[in-house]
Each structure stands twice: as C-alpha cells, then as structure tokens.
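Working notes, structure below.
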Amino acid sequence: MKFFTSIVSLLILMMASLVPAEEVELKPVLITGASSGIGLRVTEVLSKNGYWVYAGARKEEDLKRLNEMENVESVRLDVTIQSDIDAAVKFVSNKGRGLYGLVNNAGVVIMGPLIEVPIEELEWLFDVNVYGPYRITQSFASLIIESRGRIVNISSIHGIYSDSLSGHYSMSKHAVEAYTDSLAAEMDRFGVKVSVIEPGSFASNAGEAAIERLEEKMYWDKNSAYKDELVFIKSITADSSSGKDPTDVAKAIMHALSSETPKRRYLVADAQTTHIAINNSLKRVLQLNQDQANTKSRGQLIKALDSELQKLN
C-alpha cells in the first residue's frame with residue numbers, strides 16, 4: 001500500500017511539473033491567425049476569461065509580442081504548411097494540458113472580377129481559407145475528441161451571400177459554411193460541438209493586405225473591363241483597420257466555446273447587414289421553391305418556417 005501511495009504521489013508531482021498550478025483550471029484553446037484583427041482580439045478576450053491560449057502566428061515579432069501576454073503561449077503556425085502544423089500538434093501535446101477548443105480564424109481576402117482574376121489567386125485563397133481549416137482540424141482532431149471539446153470556424157457575412165467583385169472570397173467562405181455543417185454532423189458522435197461565426201465589417205488588416213497583394217501581383221489593372229470599380233474598391237478598402245472593434249466577435253466565440261447549448265451559427269453584424277444577410281437567405285429559399293416540380297404553397301412555407309422556429313426554442 002505504501003508503495004502504491006508513493007507511485008501516485010510521484011505521478012501527481014510529475015503532472016504538476018508539466019502544468020503550473022495556476023494554469024490547471026484554464027481551458028486550453030488554439031487560435032490560428034492570432035497576430036492581428038479578430039484573431040488578436042479573441043486571444044485577448046479568451047486569455048482574460050478562463051482560457052489558456054495557444055496563439056498561432058507566422059512572424060517572429062508577432063510570436064514574441066503574443067508571448068508577452070498573460071495566459072498566452074505563441075505557436076509558430078502557417079496553416080498552409082503541414083510541417084508547421086505537425087510541429088504545432090507536437091508542441092501542444094507535449095505541454096500536457098490537452099486541447100479543449102480550436103478556433104480556425106486564419107484567413108485572407110482577394111477582390112476582383114471572376115472573369116479576369118487568374119486561377120493562381122483563387123488557389124492561394126483556398127489554400128488558406130478552406131484547406132487551412134481542413135488541415136488544422138484534421139491534425140488536432142484527436143486532441144479535441146479526447147477532451148470532448150469545441151471547434152469554431154470563422155466564416156464571414158460573405159459566406160451567407162455573394163456580391164459583385166467579392167466572389168472569390170465568398171466562394172471560400174461558402175465552403176467554410178458547408179464544411180462546418182458536415183463536420184458538426186460527423187463530430188456529434190464524439191460529443192464535440194462545432195460552430196461557425198459570420199462577422200460583418202470589423203477592424204482588421206485583411207483589406208489592406210488584399211490591396212497590397214493586388215498591387216504586387218497586378219492581377220486587376222487599368223486595362224480591366226472593371227477599372228472604374230477598381231478605383232472605388234481601393235478607396236473603401238485601404239483602411240479596413242478603422243472598422244468596428246471586433247470584441248463582439250470574440251464574445252460570440254466565447255459563447256460557442258463555453259455554452260452548454262452553443263449555436264451552430266453566430267451572425268455578428270449591424271442591423272442593416274444582418275437584414276441583408278437574412279433577406280438574401282430567404283430569397284434563396286424562394287428561388288429554390290420557384291416553379292419547381294414539388295413547389296410548396298405559401299401556407300406550406302409558413303408552416304415549415306414555424307416548425308423550424310419551434311425546434312430552435
């Protein structure tokens with residue numbers, strides 16, 4: 001009995017040496033693209049509200065800056081490089097805390113006419129926005145399943161509806177929406193909840209980065225059939241960092257991570273944008289129902305809507 005007690009005590013001491021006592025109660029979460037914008041604000045909010053944050057970033061200066069934050073540990077992570085992801089999995093596993101939450105936030109933006117932007121730009125966009133979450137989630141899935149944790153994917157208002165000259169970005173975010181629904185169905189058997197966040201316009205450096213890439217690659221120039229729109233897009237996009245503070249997005253993510261009944265979708269936008277998104281979704285339903293082989297009547301549509309509303313209550 002004394003020998004058994006000694007072994008147990010030794011194991012407790014070994015575990016304590018891996019994770020400091022003050023960190024034991026903090027739920028570990030990995031956030032990709034944590035160096036700026038929404039990712040940085042989420043890191044700040046979660047780290048102050050009961051979470052130990054593994055903050056993914058690519059640049060050395062960002063890694064150092066994130067490491068200076070309380071309850072935050074930076075992780076070198078490019079979501080397009082599998083070797084980076086494998087090293088991050090090993091890093092997190094070796095820390096001994098496990099992993100409760102995964103926030104797939106890293107993303108990029110391109111803009112331009114669908115008939116002019118070269119395929120290479122679309123491939124780059126999908127490599128980050130679509131294949132990135134796919135790689136990250138697949139690689140960290142066993143840790144999330146072990147903790148019966150949460151996965152949160154960051155989509156966009158453009159994942160709900162599409163508009164002129166933002167089609168490439170919308171395509172990638174529509175993919176994230178579909179990915180979320182299928183992933184949620186597949187992870188349900190493990191007790192893992194999956195949510196998607198759909199932010200409207202918030203402060204970030206994504207717009208500025210998009211303009212910089214546009215000017216570097218010259219894929220949309222003065223010879224375009226859409227040259228007038230190019231001037232307008234540049235004027236409204238150049239200073240995207242001056243948008244609304246993304247704290248509301250961080251709060252939505254925290255709800256998705258902490259609630260016993262997290263929502264599948266969190267639309268985080270102002271009233272006007274929200275109405276546009278919902279109205280466009282209703283328009284799509286009506287288009288699906290317009291003069292089809294098994295069209296529903298107005299009464300049947302209203303009954304179906306009421307039925308779905310009751311399921312949410």
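Chains: A, B, ... in order of the structure tokens. Residues: from 1 per chain. Ligands: from 1, in order shown.
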
Subject >> Selection near A:Ala225, 10 Å with only C-alpha atoms, sequence-local residues under 6 positions removed, as JSON, numbers by chain >> reply: {"A": [113, 115, 116]}

Subject >> Surrounding residues of A:Val45 excluding itself and chain neighbours under 2 positions, 9 Å, only C-alpha atoms, as a ChimeraX atom specification >> reply: /A:40-43,47-49,51,247,250-251,254

**OP:** Please report, as JSON, numbers by chain, each residue of stretch 127-264 of chain A to which DSSP assigns strand (DSSP E or B) when run on this structure's backbone.
**Re:** {"A": [150, 151, 152, 153, 154, 193, 194, 195, 196, 197, 198, 199]}

Suppose we keep C-alpha atoms; can you now write the selection as a short mmCIF file (atom, residue, chain, number, x, y, z; two decimals), in the first residue's frame?
```cif
data_model
loop_
_atom_site.label_atom_id
_atom_site.label_comp_id
_atom_site.auth_asym_id
_atom_site.auth_seq_id
_atom_site.Cartn_x
_atom_site.Cartn_y
_atom_site.Cartn_z
CA ARG A 150 -15.33 22.60 -29.30
CA ILE A 151 -14.42 23.68 -32.83
CA VAL A 152 -15.21 27.19 -34.06
CA ASN A 153 -14.76 28.15 -37.72
CA ILE A 154 -14.60 31.79 -38.77
CA LYS A 193 -19.72 20.75 -30.79
CA VAL A 194 -18.95 22.72 -33.95
CA SER A 195 -19.99 26.32 -34.63
CA VAL A 196 -19.36 28.94 -37.30
CA ILE A 197 -19.03 32.70 -36.79
CA GLU A 198 -20.19 35.06 -39.53
CA PRO A 199 -18.77 38.54 -38.85
#
```

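Among the candidates A:Lys311, A:Arg213, A:Arg76, A:Arg65, the residue lying nearest to A:Ile31 is A:Arg76 (atoms considered: only C-alpha atoms).
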
Subject >> 9 Å contact set for A:Ala88, only C-alpha atoms, chain neighbours under 2 positions out, as JSON, numbers by chain >> reply: {"A": [56, 75, 76, 77, 83, 84, 85, 86, 90, 91, 92, 93]}

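Between atom CA of A:Phe190 and atom CA of A:Ile145 there is a distance of 6.1 Å.
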
Original post:
If you count only C-alpha atoms, which residues fall within 12 Å of stretch 157-161 of chain A, apart from same-chain ones fewer than 5 positions away, as JSON, numbers by chain?
Top reply: {"A": [109, 129, 130, 166, 167, 168, 169, 170, 171, 172, 173, 174, 175, 176, 177, 178, 179, 180, 196, 197, 198, 199, 200, 201, 202, 265, 266, 267, 268, 269, 270, 272, 273, 274, 275, 276, 277, 278, 279, 280, 281, 282, 283, 284]}

Original post:
If we count only C-alpha atoms, what is near A:Glu61 at a cut-off of 12 Å, once residues fewer than 4 positions away on the same chain are taken out, given as a PyMOL selection string?
Top reply: chain A and resi 35+57+65-68+74+76

Can I get the residues of stretch 137-163 of chain A within 9 Å of stretch 94-99 of chain A, each with the closest pair of atoms and their distance in Å to one decimal, using only C-alpha atoms, sorted chain first then ascending number, as CSV?
```
residue,atom,partner,partner_atom,distance
A:Phe140,CA,A:Leu99,CA,8.3
A:Leu143,CA,A:Leu99,CA,5.6
A:Ile144,CA,A:Leu99,CA,5.8
A:Glu146,CA,A:Gly98,CA,8.2
A:Ser147,CA,A:Leu99,CA,6.7
A:Gly149,CA,A:Leu99,CA,7.6
```

Subject >> Which of stretch 168-313 of chain A fall in helix (DSSP H, G or I), as a VMD selection string >> reply: chain A and resid 168 to 190 206 to 217 227 to 237 240 to 242 247 to 258 271 to 289 298 to 312

**OP:** Compare A:Ala55, A:Ile110, A:Val128, A:Leu63 by their minimum atom-to-atom distance to A:Ile211, counting only C-alpha atoms, and give me the closest one.
**Re:**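 Ranking A:Ala55, A:Ile110, A:Val128, A:Leu63 by distance to A:Ile211, first place goes to A:Ile110.
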
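Among the candidate residues A:Glu73, A:Asp78, A:Glu60, A:Asp163, the one lying nearest to A:Leu114 is A:Asp163, with distances computed using only C-alpha atoms.
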
Original post:
In Å, with one decimal, what is the gap from atom CA of A:Tyr219 to atom CA of A:Thr80?
Top reply: 21.9 Å
